[in-house]
Structure formats: structure tokens, C-alpha cells
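Novice: Coordinates in coords.tsv, TSV, C-alpha atoms, are listed below.
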```
chain	number	residue	atom	x	y	z
Z	181	MET	CA	96.76	48.14	121.48
Z	182	PRO	CA	96.06	44.47	122.34
Z	183	ASP	CA	96.21	42.19	119.32
Z	184	PHE	CA	93.48	39.71	120.28
Z	185	LEU	CA	90.27	39.38	122.25
Z	186	SER	CA	90.60	37.55	125.56
Z	187	GLU	CA	89.46	33.94	125.65
Z	188	ARG	CA	87.15	32.24	128.13
Z	189	GLN	CA	86.74	28.50	128.51
Z	190	PRO	CA	83.17	27.24	129.07
Z	191	PRO	CA	82.16	25.66	132.41
Z	192	GLU	CA	81.64	21.93	132.79
Z	193	HIS	CA	77.97	22.32	131.87
Z	194	ILE	CA	75.89	25.08	130.35
Z	195	TYR	CA	72.14	25.47	130.77
Z	196	ARG	CA	69.47	26.99	128.61
Z	197	VAL	CA	65.74	27.64	128.90
Z	198	GLY	CA	64.04	27.20	125.55
Z	199	ARG	CA	60.74	26.21	124.07
Z	200	ALA	CA	59.69	22.58	124.26
Z	201	PRO	CA	60.38	20.04	122.95
Z	202	ASP	CA	63.96	21.10	122.15
Z	203	PRO	CA	65.45	23.96	124.19
Z	204	TRP	CA	68.60	23.83	122.02
Z	205	ALA	CA	66.76	24.50	118.75
Z	206	TRP	CA	67.69	27.64	116.84
Z	207	PRO	CA	65.08	30.42	116.82
Z	208	ASP	CA	62.92	30.35	113.71
Z	209	TRP	CA	63.86	32.97	111.12
Z	210	ARG	CA	60.14	33.71	110.74
Z	211	TYR	CA	60.26	35.65	114.00
Z	212	ILE	CA	63.08	38.00	113.07
Z	213	GLY	CA	62.31	41.67	113.59
Z	214	GLY	CA	62.40	44.57	111.21
Z	215	ASP	CA	65.98	45.37	112.25
Z	216	GLY	CA	67.16	41.91	111.17
Z	217	THR	CA	67.58	40.60	114.74
Z	218	PHE	CA	65.48	38.74	117.29
Z	219	GLY	CA	65.88	41.66	119.67
Z	220	ASN	CA	68.50	40.06	121.91
Z	221	ARG	CA	71.81	41.40	123.18
Z	222	TRP	CA	74.30	39.55	120.97
Z	223	ASP	CA	72.18	38.96	117.86
Z	224	ASP	CA	73.71	39.52	114.43
Z	225	PRO	CA	72.81	43.04	113.20
Z	226	GLU	CA	73.14	41.80	109.62
Z	227	GLY	CA	70.81	38.83	110.16
Z	228	THR	CA	73.11	36.12	108.81
Z	229	TYR	CA	73.69	33.98	111.93
Z	230	ARG	CA	71.57	33.10	114.91
Z	231	VAL	CA	72.54	33.02	118.59
Z	232	LEU	CA	71.65	30.66	121.44
Z	233	TYR	CA	71.79	32.15	124.93
Z	234	SER	CA	72.92	29.96	127.82
Z	235	SER	CA	74.16	30.34	131.39
Z	236	ASN	CA	76.31	28.59	133.97
Z	237	THR	CA	73.46	27.75	136.39
Z	238	HIS	CA	69.71	27.15	136.48
Z	239	LEU	CA	69.29	30.31	138.53
Z	240	ALA	CA	71.09	32.45	135.96
Z	241	CYS	CA	68.84	31.07	133.20
Z	242	TYR	CA	65.68	31.79	135.14
Z	243	LEU	CA	66.75	35.31	136.08
Z	244	GLU	CA	67.62	36.16	132.49
Z	245	CYS	CA	64.36	34.77	131.12
Z	246	LEU	CA	62.03	36.11	133.82
Z	247	ALA	CA	63.50	39.59	134.19
Z	248	ARG	CA	60.97	40.99	131.70
Z	249	PHE	CA	58.16	40.04	134.11
Z	250	ARG	CA	59.69	42.10	136.92
Z	251	PRO	CA	57.30	44.81	138.17
Z	252	ASP	CA	57.93	48.23	136.66
Z	253	PRO	CA	59.08	50.50	139.55
Z	254	ARG	CA	56.93	53.30	138.17
Z	255	VAL	CA	53.84	51.10	138.36
Z	256	VAL	CA	54.70	49.92	141.87
Z	257	ALA	CA	55.24	53.49	143.04
Z	258	GLY	CA	51.98	54.60	141.42
Z	259	LEU	CA	49.97	51.85	143.07
Z	260	ALA	CA	51.53	52.63	146.44
Z	261	ALA	CA	50.50	56.26	146.08
Z	262	ILE	CA	46.82	55.42	145.49
Z	263	GLN	CA	44.72	55.97	148.61
Z	264	ASP	CA	42.31	53.12	149.22
Z	265	ASP	CA	39.23	55.22	149.98
Z	266	GLN	CA	36.84	52.75	148.31
Z	267	PRO	CA	37.53	49.43	150.09
Z	268	ASN	CA	34.55	47.68	148.50
Z	269	LEU	CA	36.01	47.88	144.98
Z	270	PRO	CA	37.96	44.89	143.62
Z	271	ALA	CA	41.67	44.98	144.43
Z	272	THR	CA	44.03	46.22	141.73
Z	273	ALA	CA	45.89	43.41	140.00
Z	274	ALA	CA	49.40	42.94	141.38
Z	275	ALA	CA	52.32	43.97	139.18
Z	276	GLY	CA	54.83	41.30	138.21
Z	277	VAL	CA	52.77	38.18	137.48
Z	278	LEU	CA	54.15	35.23	135.50
Z	279	PRO	CA	51.45	33.23	133.65
Z	280	ALA	CA	51.55	29.47	134.26
Z	281	SER	CA	51.64	28.89	130.49
Z	282	TRP	CA	55.20	30.24	130.39
Z	283	ALA	CA	56.62	27.26	132.28
Z	284	ARG	CA	54.40	24.71	130.56
Z	285	THR	CA	55.73	25.60	127.10
Z	286	ARG	CA	59.43	25.62	128.01
Z	287	GLN	CA	62.14	23.23	129.16
Z	288	MET	CA	65.50	23.45	130.87
Z	289	GLY	CA	68.38	22.10	128.74
Z	290	ARG	CA	71.82	21.00	129.91
Z	291	ALA	CA	74.86	20.18	127.79
Z	292	GLN	CA	78.64	20.03	127.69
Z	293	ILE	CA	80.69	22.11	125.28
Z	294	THR	CA	83.52	19.81	124.22
Z	295	VAL	CA	84.85	22.14	121.51
Z	296	GLY	CA	84.69	25.91	121.61
Z	297	VAL	CA	86.25	28.99	123.22
Z	298	PHE	CA	84.39	32.21	123.97
Z	299	ALA	CA	85.45	35.83	123.65
Z	300	ASP	CA	85.55	37.57	127.03
Z	301	VAL	CA	84.48	40.96	125.70
Z	302	ALA	CA	84.56	42.74	129.07
Z	303	SER	CA	88.18	41.95	129.94
Z	304	ALA	CA	90.58	44.91	130.02
Z	305	GLU	CA	92.42	43.55	126.99
Z	306	SER	CA	89.26	43.03	124.95
Z	307	LEU	CA	87.90	46.47	125.80
Z	308	GLY	CA	91.20	48.02	124.76
Z	309	LEU	CA	90.99	46.27	121.41
Z	310	LEU	CA	87.31	47.04	120.84
Z	311	ASN	CA	87.81	50.75	121.57
Z	312	GLN	CA	90.40	50.89	118.82
Z	313	ALA	CA	88.61	48.56	116.40
Z	314	LEU	CA	85.14	50.15	116.66
Z	315	PRO	CA	85.74	53.91	117.06
Z	316	PHE	CA	82.80	54.93	114.88
Z	317	ASP	CA	80.42	52.81	116.95
Z	318	VAL	CA	81.72	54.38	120.16
Z	319	ILE	CA	81.05	57.84	118.71
Z	320	PHE	CA	77.69	56.88	117.16
Z	321	PHE	CA	76.29	55.75	120.53
Z	322	GLY	CA	77.49	58.89	122.28
Z	323	LEU	CA	80.15	57.22	124.41
Z	324	ASP	CA	83.44	58.66	125.60
Z	325	GLU	CA	84.79	55.12	125.63
Z	326	LEU	CA	83.59	51.55	125.44
Z	327	ASP	CA	83.73	50.14	128.96
Z	328	ALA	CA	82.22	47.22	130.85
Z	329	ALA	CA	79.23	49.31	131.93
Z	330	ALA	CA	78.35	50.09	128.31
Z	331	ILE	CA	78.45	46.41	127.39
Z	332	ARG	CA	76.17	45.46	130.27
Z	333	ALA	CA	73.67	48.29	129.79
Z	334	LYS	CA	70.11	47.21	129.04
Z	335	ALA	CA	69.97	49.43	125.95
Z	336	PRO	CA	70.78	50.17	123.23
Z	337	ARG	CA	71.25	46.59	122.15
Z	338	ALA	CA	72.45	47.69	118.73
Z	339	LEU	CA	75.84	48.42	120.33
Z	340	THR	CA	76.42	44.92	121.67
Z	341	GLN	CA	75.01	43.48	118.46
Z	342	ARG	CA	77.75	45.28	116.53
Z	343	ILE	CA	80.33	43.89	118.95
Z	344	SER	CA	78.82	40.46	118.31
Z	345	ARG	CA	79.47	40.90	114.61
Z	346	TYR	CA	83.09	41.85	115.29
Z	347	VAL	CA	83.61	38.77	117.50
Z	348	PHE	CA	81.89	36.53	114.95
Z	349	ARG	CA	84.48	37.49	112.34
Z	350	ALA	CA	87.50	37.47	114.67
Z	351	ASN	CA	90.11	34.72	114.72
Z	352	ARG	CA	91.49	33.35	117.96
Z	353	ALA	CA	95.17	34.14	117.50
Z	354	GLY	CA	95.18	32.04	114.35
Z	355	ALA	CA	93.52	29.12	116.13
Z	356	GLY	CA	90.03	29.34	114.67
Z	357	LEU	CA	86.83	31.25	115.24
Z	358	PHE	CA	85.16	32.05	118.53
Z	359	ALA	CA	82.23	29.88	119.61
Z	360	GLY	CA	80.50	32.99	120.87
Z	361	VAL	CA	80.57	35.62	123.61
Z	362	TYR	CA	81.11	35.19	127.33
Z	363	TYR	CA	79.52	37.97	129.38
Z	364	ARG	CA	78.44	38.64	132.92
Z	365	SER	CA	74.77	39.30	133.43
Z	366	ARG	CA	73.52	42.80	134.11
Z	367	LEU	CA	71.38	41.14	136.80
Z	368	GLY	CA	74.35	40.11	138.95
Z	369	ASP	CA	78.11	39.64	138.88
Z	370	ASN	CA	77.74	36.00	139.94
Z	371	LEU	CA	75.79	35.11	136.80
Z	372	ASP	CA	77.89	33.95	133.84
Z	373	ASN	CA	76.32	33.82	130.39
Z	374	PHE	CA	77.47	32.28	127.11
Z	375	ALA	CA	76.07	33.33	123.73
Z	376	LEU	CA	76.63	30.62	121.11
Z	377	PHE	CA	77.07	31.65	117.48
Z	378	GLU	CA	75.55	29.66	114.67
Z	379	GLY	CA	78.32	28.37	112.41
Z	380	LEU	CA	80.00	25.14	111.42
Z	381	ASP	CA	82.93	23.93	113.56
Z	382	ARG	CA	82.70	26.80	116.04
Z	383	TRP	CA	81.58	24.61	118.91
Z	384	GLU	CA	80.24	21.17	119.72
Z	385	LEU	CA	77.67	20.09	122.28
Z	386	GLN	CA	77.50	16.67	123.90
Z	387	ASP	CA	75.25	14.98	126.43
Z	388	GLN	CA	72.31	17.24	125.68
Z	389	VAL	CA	69.40	16.61	128.03
Z	390	SER	CA	66.20	18.50	128.76
Z	391	GLU	CA	63.60	18.44	131.50
Z	392	PRO	CA	60.39	20.29	132.38
Z	393	ILE	CA	60.60	23.60	134.20
Z	394	ARG	CA	60.23	22.79	137.89
Z	395	VAL	CA	58.29	25.76	139.22
Z	396	ASN	CA	58.53	24.44	142.79
Z	397	GLY	CA	62.29	23.91	142.56
Z	398	PRO	CA	64.60	26.07	144.70
Z	399	GLU	CA	66.28	27.84	141.75
Z	400	PHE	CA	62.98	28.84	140.13
Z	401	GLN	CA	61.55	30.01	143.45
Z	402	GLU	CA	64.70	32.00	144.20
Z	403	ALA	CA	64.47	33.71	140.81
Z	404	LEU	CA	60.85	34.70	141.48
Z	405	HIS	CA	61.85	36.05	144.89
Z	406	VAL	CA	64.82	38.05	143.58
Z	407	LEU	CA	62.76	39.59	140.78
Z	408	GLY	CA	59.64	40.18	142.86
Z	409	VAL	CA	57.53	38.10	140.47
Z	410	ARG	CA	54.53	35.97	141.41
Z	411	LEU	CA	53.57	32.80	139.57
Z	412	ASP	CA	49.92	32.61	138.52
Z	413	ARG	CA	49.19	28.90	138.82
Z	414	ARG	CA	45.81	29.02	137.07
```
Any chance you could give the structure as C-alpha cells?
Specialist:
Amino acid sequence: MPDFLSERQPPEHIYRVGRAPDPWAWPDWRYIGGDGTFGNRWDDPEGTYRVLYSSNTHLACYLECLARFRPDPRVVAGLAAIQDDQPNLPATAAAGVLPASWARTRQMGRAQITVGVFADVASAESLGLLNQALPFDVIFFGLDELDAAAIRAKAPRALTQRISRYVFRANRAGAGLFAGVYYRSRLGDNLDNFALFEGLDRWELQDQVSEPIRVNGPEFQEALHVLGVRLDRR
């Protein structure tokens, strides 16, 4: 069995979409759910530390944040099956609409991580360790084994949250604690994400800057196109 989780160095810059005026602010504990988490993939299931989610590009940030506005295939299929035998009635509202208020209340942040190493939980070595370290979780979630597909699955998020807790407590071969989790997005293999754990001396950000969401920018428009989402500019 591997002795340690694999390590991943951060890119030159990381990006994050968050609420204005500070996209790097921690989520407010007031909004924690009944399960002790904020409902995100790598949140702490015991509710003792918070997590900031970031990506390696603007496009990755937008895709991660806007995926929940993607049209439901069942709705799209249902609308397509409706015969338009009453053309004088108002048209049915299109599925997959992003309200303009979403962009107005958020900003894009950029920063450098000068201190901090991430756990690459989907590497072969890390998966080998996690299968041995978390056998009861593997059984509880009805898995034959913990593989990369299970980690990237949309649900249940309680599984990855338990992995988060394991990584949070793990030492890096005696060299300190992990800054967080590196993981590829379920939305595409070319999208790299970095979940930052709350905790002193785990990581350090420098050169933090933020700017308004540019809805006419190429990355934002590409994200809308990929997801099949339309921006309501009203």
C-alpha cells in the first residue's frame, strides 16, 4: 500500500469567482446546511473548516459556477416533444437562462500561491492509499472500489467530503499539511481545480486582484456556449 498521498504543485496563478467585493472571502458560517457543510464537493463533513474553490483558468471557473444553470435534458426533451398546435399562445420560456444579477454580484479573483502543496487524490498512488484507509466509506457508498470515476461523480458529495477530511488531517511525508485538494473537473479533463482548506500555515496567497465579471469576454461566452446557457441581460 502506498504510504502517502501524491502531491500536486499549484499553477502560476489560480482564479476564483466569488461574491463582490472580495471573491477570496471565506463563506459565511450562517449559510451552512443541516449536514454541517455548504453543499460543495470537498467541504468538511464535520463543519470545522471551510473551503475555497479555485481553478487554473477563467473558463474553468465559469464552467464550474454556471453548470447549475445548464438546461435539464429532461426538460429539453419534454419541450421538444410538445406539438405547437396553438401558435398564437406565448412561447414557452427557454430552459437554461442565467439572470443578469448573477454577474453583477460577483467578481473574478486572481492570485499566486507562494506556499502550499495539494493532494492529487485521483492519482493511482492516492487511490491505492484511500482504498485501504477508508474501507468503511467504500462499502457504505456501495462501491466495489474507490476509483477516479467515483471521485468525479456529481453525487453523493458526502463521499468526497469524507476524503476531504482525510486529506485535511494528512501530513505530507512529514513536511507539513496539505493546502487542499487538486482535482480534475467532472466537466472536462482539461479543467484543473484546487480546493483550498482553511487553516493556519497551510498556504499563502500573494498578488490578489479582482475584477468585474466580463459577460462579453471570450471565456464567459465560451462557457455559456458549452453549457447551452443564455444570459438574460435585463
Novice: So, counting only C-alpha atoms, which residue among Z:Ala329, Z:Ala247, Z:Leu371, Z:Leu314 is closest to Leu407 in chain Z?
Specialist: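 Once distances to Leu407 in chain Z are computed over only C-alpha atoms, the minimum belongs to Z:Ala247.
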Novice: Give me, please, the distance in Å between CA of Ala291 in chain Z and CA of Thr340 in chain Z, quoted to one decimal.
Specialist: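 Between CA of Ala291 in chain Z and CA of Thr340 in chain Z the gap works out to 25.5 Å.
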Novice: To one decimal place in Å, what is the distance between CA of Arg188 in chain Z and CA of Asn220 in chain Z?
Specialist: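 These atoms are spaced 21.2 Å apart.
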Novice: List as a list of chain:residue names the residues having at least one atom at most 9 Å from position (51.3, 32.6, 136.9) as given in the file, counting all atoms listed in the file.
Specialist: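 All residues meeting the 9 Å criterion around (51.3, 32.6, 136.9) are Z:Val277, Z:Leu278, Z:Pro279, Z:Ala280, Z:Ser281, Z:Trp282, Z:Ala283, Z:Arg410, Z:Leu411, Z:Asp412, Z:Arg413, Z:Arg414.
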Novice: Hey, can you spit out that residue selection with C-alpha atoms as a JSON list (two decimals), in the frame of the given file?
Specialist:
```json
[["chain", "number", "residue", "atom", "x", "y", "z"],
["Z", 277, "VAL", "CA", 52.77, 38.18, 137.48],
["Z", 278, "LEU", "CA", 54.15, 35.23, 135.50],
["Z", 279, "PRO", "CA", 51.45, 33.23, 133.65],
["Z", 280, "ALA", "CA", 51.55, 29.47, 134.26],
["Z", 281, "SER", "CA", 51.64, 28.89, 130.49],
["Z", 282, "TRP", "CA", 55.20, 30.24, 130.39],
["Z", 283, "ALA", "CA", 56.62, 27.26, 132.28],
["Z", 410, "ARG", "CA", 54.53, 35.97, 141.41],
["Z", 411, "LEU", "CA", 53.57, 32.80, 139.57],
["Z", 412, "ASP", "CA", 49.92, 32.61, 138.52],
["Z", 413, "ARG", "CA", 49.19, 28.90, 138.82],
["Z", 414, "ARG", "CA", 45.81, 29.02, 137.07]]
```
Novice: Which of these residues is nearest to Val395 in chain Z, using all atoms listed in the file: Z:Arg210, Z:Arg230, Z:Arg248, Z:Arg284?
Specialist: Z:Arg284
Novice: Would you list the contacts of Glu399 in chain Z as a ChimeraX atom specification, taking every protein, DNA or RNA residue within 12 Å and counting all atoms listed in the file, but skipping same-chain residues closer than 3 positions in sequence?
Specialist: /Z:237-243,288,393-396,402-406
Novice: Could you state the separation of CA of Ile212 in chain Z and CA of Arg290 in chain Z in Å, given to one decimal place?
Specialist: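 Interatomic distance, CA of Ile212 in chain Z to CA of Arg290 in chain Z: 25.5 Å.
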Novice: What lies within 10 Å of Gln312 in chain Z using all atoms listed in the file, ignoring chain neighbours under 3 positions off, as a list in words?
Specialist: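 These residues fall inside the cut-off: Met181, Pro182, Leu307, Gly308, Leu309, Pro315, Phe316, Val318, Glu325 and Leu326 of chain Z.
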Novice: For the residues in the current selection, export C-alpha atoms as a compact mmCIF listing (two decimals), in the frame of the given file.
Specialist:
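Generated output (part.txt):
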```txt
# COMPACT_ATOMS: atom_id res chain seq x y z
CA MET Z 181 96.76 48.14 121.48
CA PRO Z 182 96.06 44.47 122.34
CA LEU Z 307 87.90 46.47 125.80
CA GLY Z 308 91.20 48.02 124.76
CA LEU Z 309 90.99 46.27 121.41
CA PRO Z 315 85.74 53.91 117.06
CA PHE Z 316 82.80 54.93 114.88
CA VAL Z 318 81.72 54.38 120.16
CA GLU Z 325 84.79 55.12 125.63
CA LEU Z 326 83.59 51.55 125.44
```
